[in-house]
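Asker: Sharing a structure with you now.
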Amino acid sequence: MISVVNYGVGNIKSIVKAIEFVGGKAIVTNEKEKILNSDAVILPGVGAFKTAIQRLKPLKNVIDSLTVPILGICLGMQLLTTKSYEDGVHEGLNYIPGEVVRFPNSVGKIPHMGWNTIRIVKYNELLDGIEDNSYVYFVHSYYVKTEERFISTKTKYGIEFASGTAKDNYYGFQFHPEKSGKVGLRIIENFVKISKR
């Protein structure tokens with residue numbers, strides 16, 4: 001069972017549908033006991049960092065204790081980092097060292113919205129069967145700055161930024177796999193597979 005953590009952000013239903021479509025089982029919850037008994041956890045994300053991290057704080061000790069795969073999607077990936085500069089300075093969960101910063105105005109239209117490609121720079125199991133330069137779907141105004149060793153995929157939008165991260169049992173994607181067609185479904189299927197071990 002995969003717990004999709006409910007901390008008041010959007011896009012949860014489409015993630016659950018995608019998990020079920022590839023043969024997985026999911027619950028939407030913010031109950032500590034259910035999260036502790038999960039085979040994997042997803043931190044979804046459409047919303048503001050400040051609000052989301054405030055609602056996640058009561059669950060941080062639970063998430064700290066987990067050794068199962070944890071996937072952060074869009075805002076969820078940003079929450080995995082050390083801190084964010086969105087509407088002030090806010091501490092993140094600090095599982096993947098890094099900072100969340102706004103795109104510079106020089107990139108053009110913000111938010112970065114729509115289909116764009118990912119360049120695989122460091123393979124992990126969630127990228128099994130994913131071709132380099134595959135198209136995926138983005139909606140974001142902020143991006144993660146982190147060390148090269150934690151970056152799994154990069155994307156160009158005026159600048160090149162980390163569109164995928166990984167460290168230990170923590171994985172993050174800035175794009176939305178649940179909105180990224182066959183490529184995204186393969187990523188979610190891969191996540192379901194590693195959750196069953």
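Residues in the structure tokens are numbered from 1 in each chain, the chains being A, B, ... in the order shown, and ligands are numbered from 1 in the order shown.
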Taking a cut-off of 6 Å and counting only C-alpha atoms, can you build a table that, for each residue of segment 59-162 of chain A near segment 174-179 of chain A, reports the nearest atom pair and how far apart they are in Å (one decimal), sorted by chain then residue number, as CSV?

Answerer:
```
residue,atom,partner,partner_atom,distance
A:Cys74,CA,A:Gln174,CA,4.1
A:Tyr137,CA,A:Phe175,CA,5.5
A:Phe138,CA,A:Phe175,CA,4.5
```

Asker: Keeping N, CA and C atoms, export the residues of the selection given above as a PDB file, in the first residue's frame.

Answerer:
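Saved the output as selection-v9.pdb:
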```
ATOM      1  N   CYS A  74       6.793  17.490  -7.734  1.00  0.00           N
ATOM      2  CA  CYS A  74       6.692  18.946  -7.898  1.00  0.00           C
ATOM      3  C   CYS A  74       6.968  19.642  -6.556  1.00  0.00           C
ATOM      4  N   TYR A 137       5.588  16.664 -18.176  1.00  0.00           N
ATOM      5  CA  TYR A 137       4.779  17.873 -17.985  1.00  0.00           C
ATOM      6  C   TYR A 137       5.162  18.623 -16.705  1.00  0.00           C
ATOM      7  N   PHE A 138       5.414  19.923 -16.856  1.00  0.00           N
ATOM      8  CA  PHE A 138       5.837  20.787 -15.753  1.00  0.00           C
ATOM      9  C   PHE A 138       4.819  21.895 -15.472  1.00  0.00           C
TER      10      PHE A 138
END
```

Asker: I'd like the contact shell of segment 87-103 of chain A - 6 Å cut-off, only C-alpha atoms, skipping same-chain residues fewer than 3 positions apart - returned as a ChimeraX atom specification.

Answerer: /A:79-84,141-146

Asker: Based on the backbone DSSP call, show me all residues of segment 17-176 of chain A assigned alpha helix (DSSP H), as a ChimeraX atom specification.

Answerer: /A:17-21,32-36,49-56,60-65,75-79

Asker: Taking C-alpha atoms for each residue, export the selection above as a PDB file, in the first residue's frame.

Answerer:
```
ATOM      1  CA  LYS A  17      -5.652   7.083 -10.263  1.00  0.00           C
ATOM      2  CA  ALA A  18      -2.234   6.698 -11.896  1.00  0.00           C
ATOM      3  CA  ILE A  19      -1.057   4.312  -9.146  1.00  0.00           C
ATOM      4  CA  GLU A  20      -4.194   2.215  -9.520  1.00  0.00           C
ATOM      5  CA  PHE A  21      -3.898   2.265 -13.330  1.00  0.00           C
ATOM      6  CA  LYS A  32       0.641   8.615  11.400  1.00  0.00           C
ATOM      7  CA  GLU A  33      -0.164   4.929  11.880  1.00  0.00           C
ATOM      8  CA  LYS A  34      -1.184   4.421   8.265  1.00  0.00           C
ATOM      9  CA  ILE A  35       1.913   6.200   6.974  1.00  0.00           C
ATOM     10  CA  LEU A  36       4.136   4.102   9.272  1.00  0.00           C
ATOM     11  CA  PHE A  49       5.821  25.691   0.177  1.00  0.00           C
ATOM     12  CA  LYS A  50       5.093  27.624   3.376  1.00  0.00           C
ATOM     13  CA  THR A  51       1.590  26.236   3.853  1.00  0.00           C
ATOM     14  CA  ALA A  52       2.595  22.692   2.905  1.00  0.00           C
ATOM     15  CA  ILE A  53       5.607  22.491   5.231  1.00  0.00           C
ATOM     16  CA  GLN A  54       3.575  23.844   8.149  1.00  0.00           C
ATOM     17  CA  ARG A  55       1.020  21.087   7.644  1.00  0.00           C
ATOM     18  CA  LEU A  56       3.731  18.442   7.222  1.00  0.00           C
ATOM     19  CA  LYS A  60       8.086  14.875  10.194  1.00  0.00           C
ATOM     20  CA  ASN A  61       9.077  12.448  12.959  1.00  0.00           C
ATOM     21  CA  VAL A  62       7.078   9.734  11.235  1.00  0.00           C
ATOM     22  CA  ILE A  63       8.662  10.435   7.835  1.00  0.00           C
ATOM     23  CA  ASP A  64      12.111  10.605   9.491  1.00  0.00           C
ATOM     24  CA  SER A  65      11.689   7.042  10.734  1.00  0.00           C
ATOM     25  CA  LEU A  75       6.172  20.829  -4.605  1.00  0.00           C
ATOM     26  CA  GLY A  76       6.758  17.475  -2.903  1.00  0.00           C
ATOM     27  CA  MET A  77      10.264  17.331  -4.387  1.00  0.00           C
ATOM     28  CA  GLN A  78      10.934  20.850  -3.123  1.00  0.00           C
ATOM     29  CA  LEU A  79       9.741  19.917   0.377  1.00  0.00           C
TER      30      LEU A  79
END
```

Asker: Which is closest to Tyr170 of chain A among A:Gly72, A:Gly158, A:Gly23, A:Pro104, if we use only C-alpha atoms?

Answerer: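 Closest candidate: A:Gly72.
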
Asker: For Lys25 of chain A, which residue out of A:Ile130, A:Ala48, A:Val192, A:Ala162 is the nearest one, using only C-alpha atoms?

Answerer: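 Of A:Ile130, A:Ala48, A:Val192, A:Ala162, the one nearest Lys25 of chain A, counting only C-alpha atoms, is A:Val192.
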
Asker: Mind checking which residues fall within 10 Å of Ile194 of chain A, counting only C-alpha atoms, ignoring those fewer than 3 positions away in the same chain, and posting them as number ranges by chain?

Answerer: A: 39-40, 68-69, 125-126, 189-191, 197

Asker: Keeping all heavy atoms for every residue in the selection just given, could you write it to a file as a PDB file, in the first residue's frame?

Answerer:
```
ATOM      1  N   ASP A  39       4.010   0.748   2.415  1.00  0.00           N
ATOM      2  CA  ASP A  39       5.138   0.173   1.673  1.00  0.00           C
ATOM      3  C   ASP A  39       5.924   1.252   0.938  1.00  0.00           C
ATOM      4  O   ASP A  39       7.052   1.016   0.495  1.00  0.00           O
ATOM      5  CB  ASP A  39       4.629  -0.850   0.651  1.00  0.00           C
ATOM      6  CG  ASP A  39       3.918  -2.011   1.332  1.00  0.00           C
ATOM      7  OD1 ASP A  39       4.505  -2.601   2.262  1.00  0.00           O
ATOM      8  OD2 ASP A  39       2.773  -2.323   0.949  1.00  0.00           O
ATOM      9  N   ALA A  40       5.319   2.420   0.778  1.00  0.00           N
ATOM     10  CA  ALA A  40       5.959   3.568   0.130  1.00  0.00           C
ATOM     11  C   ALA A  40       5.101   4.794   0.413  1.00  0.00           C
ATOM     12  O   ALA A  40       3.941   4.680   0.805  1.00  0.00           O
ATOM     13  CB  ALA A  40       6.092   3.351  -1.375  1.00  0.00           C
ATOM     14  N   VAL A  68      11.186   3.079   3.804  1.00  0.00           N
ATOM     15  CA  VAL A  68      10.537   2.712   2.545  1.00  0.00           C
ATOM     16  C   VAL A  68      10.788   3.804   1.502  1.00  0.00           C
ATOM     17  O   VAL A  68      11.186   4.921   1.844  1.00  0.00           O
ATOM     18  CB  VAL A  68       9.017   2.501   2.738  1.00  0.00           C
ATOM     19  CG1 VAL A  68       8.758   1.373   3.721  1.00  0.00           C
ATOM     20  CG2 VAL A  68       8.342   3.793   3.195  1.00  0.00           C
ATOM     21  N   PRO A  69      10.560   3.522   0.199  1.00  0.00           N
ATOM     22  CA  PRO A  69      10.732   4.563  -0.824  1.00  0.00           C
ATOM     23  C   PRO A  69       9.787   5.741  -0.610  1.00  0.00           C
ATOM     24  O   PRO A  69       8.601   5.544  -0.314  1.00  0.00           O
ATOM     25  CB  PRO A  69      10.397   3.827  -2.129  1.00  0.00           C
ATOM     26  CG  PRO A  69      10.561   2.378  -1.826  1.00  0.00           C
ATOM     27  CD  PRO A  69      10.193   2.224  -0.391  1.00  0.00           C
ATOM     28  N   GLU A 125      16.322   3.481 -10.213  1.00  0.00           N
ATOM     29  CA  GLU A 125      15.310   2.495 -10.585  1.00  0.00           C
ATOM     30  C   GLU A 125      14.006   3.112 -11.093  1.00  0.00           C
ATOM     31  O   GLU A 125      13.279   2.485 -11.859  1.00  0.00           O
ATOM     32  CB  GLU A 125      15.018   1.576  -9.397  1.00  0.00           C
ATOM     33  CG  GLU A 125      16.194   0.689  -9.043  1.00  0.00           C
ATOM     34  CD  GLU A 125      16.031   0.036  -7.692  1.00  0.00           C
ATOM     35  OE1 GLU A 125      15.910   0.787  -6.700  1.00  0.00           O
ATOM     36  OE2 GLU A 125      16.008  -1.199  -7.632  1.00  0.00           O
ATOM     37  N   LEU A 126      13.700   4.315 -10.691  1.00  0.00           N
ATOM     38  CA  LEU A 126      12.465   4.947 -11.162  1.00  0.00           C
ATOM     39  C   LEU A 126      12.567   5.349 -12.629  1.00  0.00           C
ATOM     40  O   LEU A 126      11.547   5.600 -13.277  1.00  0.00           O
ATOM     41  CB  LEU A 126      12.115   6.169 -10.311  1.00  0.00           C
ATOM     42  CG  LEU A 126      11.817   5.922  -8.835  1.00  0.00           C
ATOM     43  CD1 LEU A 126      11.131   7.128  -8.226  1.00  0.00           C
ATOM     44  CD2 LEU A 126      10.977   4.680  -8.624  1.00  0.00           C
ATOM     45  N   GLU A 189       4.835   3.257 -12.308  1.00  0.00           N
ATOM     46  CA  GLU A 189       4.889   1.796 -12.268  1.00  0.00           C
ATOM     47  C   GLU A 189       6.194   1.323 -11.627  1.00  0.00           C
ATOM     48  O   GLU A 189       6.209   0.385 -10.819  1.00  0.00           O
ATOM     49  CB  GLU A 189       4.760   1.229 -13.686  1.00  0.00           C
ATOM     50  CG  GLU A 189       4.715  -0.285 -13.729  1.00  0.00           C
ATOM     51  CD  GLU A 189       4.562  -0.820 -15.144  1.00  0.00           C
ATOM     52  OE1 GLU A 189       4.628  -0.024 -16.104  1.00  0.00           O
ATOM     53  OE2 GLU A 189       4.394  -2.037 -15.283  1.00  0.00           O
ATOM     54  N   ASN A 190       7.298   1.964 -11.975  1.00  0.00           N
ATOM     55  CA  ASN A 190       8.588   1.628 -11.371  1.00  0.00           C
ATOM     56  C   ASN A 190       8.573   1.866  -9.862  1.00  0.00           C
ATOM     57  O   ASN A 190       9.141   1.090  -9.084  1.00  0.00           O
ATOM     58  CB  ASN A 190       9.710   2.452 -12.010  1.00  0.00           C
ATOM     59  CG  ASN A 190       9.995   2.052 -13.448  1.00  0.00           C
ATOM     60  OD1 ASN A 190       9.657   0.952 -13.879  1.00  0.00           O
ATOM     61  ND2 ASN A 190      10.614   2.948 -14.201  1.00  0.00           N
ATOM     62  N   PHE A 191       7.919   2.957  -9.442  1.00  0.00           N
ATOM     63  CA  PHE A 191       7.819   3.252  -8.010  1.00  0.00           C
ATOM     64  C   PHE A 191       6.984   2.193  -7.303  1.00  0.00           C
ATOM     65  O   PHE A 191       7.332   1.750  -6.198  1.00  0.00           O
ATOM     66  CB  PHE A 191       7.222   4.646  -7.808  1.00  0.00           C
ATOM     67  CG  PHE A 191       7.219   5.100  -6.377  1.00  0.00           C
ATOM     68  CD1 PHE A 191       8.415   5.416  -5.738  1.00  0.00           C
ATOM     69  CD2 PHE A 191       6.036   5.224  -5.664  1.00  0.00           C
ATOM     70  CE1 PHE A 191       8.430   5.832  -4.414  1.00  0.00           C
ATOM     71  CE2 PHE A 191       6.034   5.641  -4.345  1.00  0.00           C
ATOM     72  CZ  PHE A 191       7.232   5.947  -3.717  1.00  0.00           C
ATOM     73  N   ARG A 197       8.913  -4.579  -2.659  1.00  0.00           N
ATOM     74  CA  ARG A 197      10.025  -5.427  -2.224  1.00  0.00           C
ATOM     75  C   ARG A 197       9.989  -5.703  -0.738  1.00  0.00           C
ATOM     76  O   ARG A 197       9.545  -4.892   0.026  1.00  0.00           O
ATOM     77  CB  ARG A 197      11.360  -4.755  -2.591  1.00  0.00           C
ATOM     78  CG  ARG A 197      11.585  -4.728  -4.067  1.00  0.00           C
ATOM     79  CD  ARG A 197      12.868  -4.041  -4.375  1.00  0.00           C
ATOM     80  NE  ARG A 197      13.047  -3.902  -5.811  1.00  0.00           N
ATOM     81  CZ  ARG A 197      13.938  -3.145  -6.384  1.00  0.00           C
ATOM     82  NH1 ARG A 197      14.735  -2.408  -5.648  1.00  0.00           N
ATOM     83  NH2 ARG A 197      14.053  -3.063  -7.681  1.00  0.00           N
TER      84      ARG A 197
END
```

Asker: Of the candidates A:Arg119, A:Lys193, A:His112, A:Lys57, which shows the shortest atom-to-atom distance to Thr155 of chain A, using only C-alpha atoms?

Answerer: A:Arg119

Asker: Would you mind telling me which residue in A:Tyr7, A:Tyr135, A:Tyr85, A:Tyr123 lies nearest to Gly184 of chain A when using only C-alpha atoms?

Answerer: A:Tyr135

Asker: Just want the 7 Å neighbourhood of Val9 of chain A, counted on only C-alpha atoms, with same-chain residues fewer than 6 positions away dropped. Output as an MDAnalysis selection string.

Answerer: chainID A and resid 45:47

Asker: Write the residues of the preceding selection, restricted to N, CA and C atoms, as an mmCIF file, in the first residue's frame.

Answerer:
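File again.cif, as written:
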```cif
data_model
loop_
_atom_site.group_PDB
_atom_site.id
_atom_site.type_symbol
_atom_site.label_atom_id
_atom_site.label_comp_id
_atom_site.auth_asym_id
_atom_site.auth_seq_id
_atom_site.Cartn_x
_atom_site.Cartn_y
_atom_site.Cartn_z
ATOM 1 N N GLY A 45 2.137 17.458 -4.898
ATOM 2 C CA GLY A 45 2.396 18.865 -4.790
ATOM 3 C C GLY A 45 1.889 19.790 -5.846
ATOM 4 N N VAL A 46 0.838 20.495 -5.511
ATOM 5 C CA VAL A 46 0.500 21.727 -6.224
ATOM 6 C C VAL A 46 0.070 22.678 -5.116
ATOM 7 N N GLY A 47 0.880 23.706 -4.866
ATOM 8 C CA GLY A 47 0.546 24.613 -3.778
ATOM 9 C C GLY A 47 1.766 25.401 -3.336
#
```

Asker: At what distance in Å, to one decimal, does atom CA of Ser152 of chain A lie from atom CA of Ile12 of chain A?

Answerer: 23.9 Å
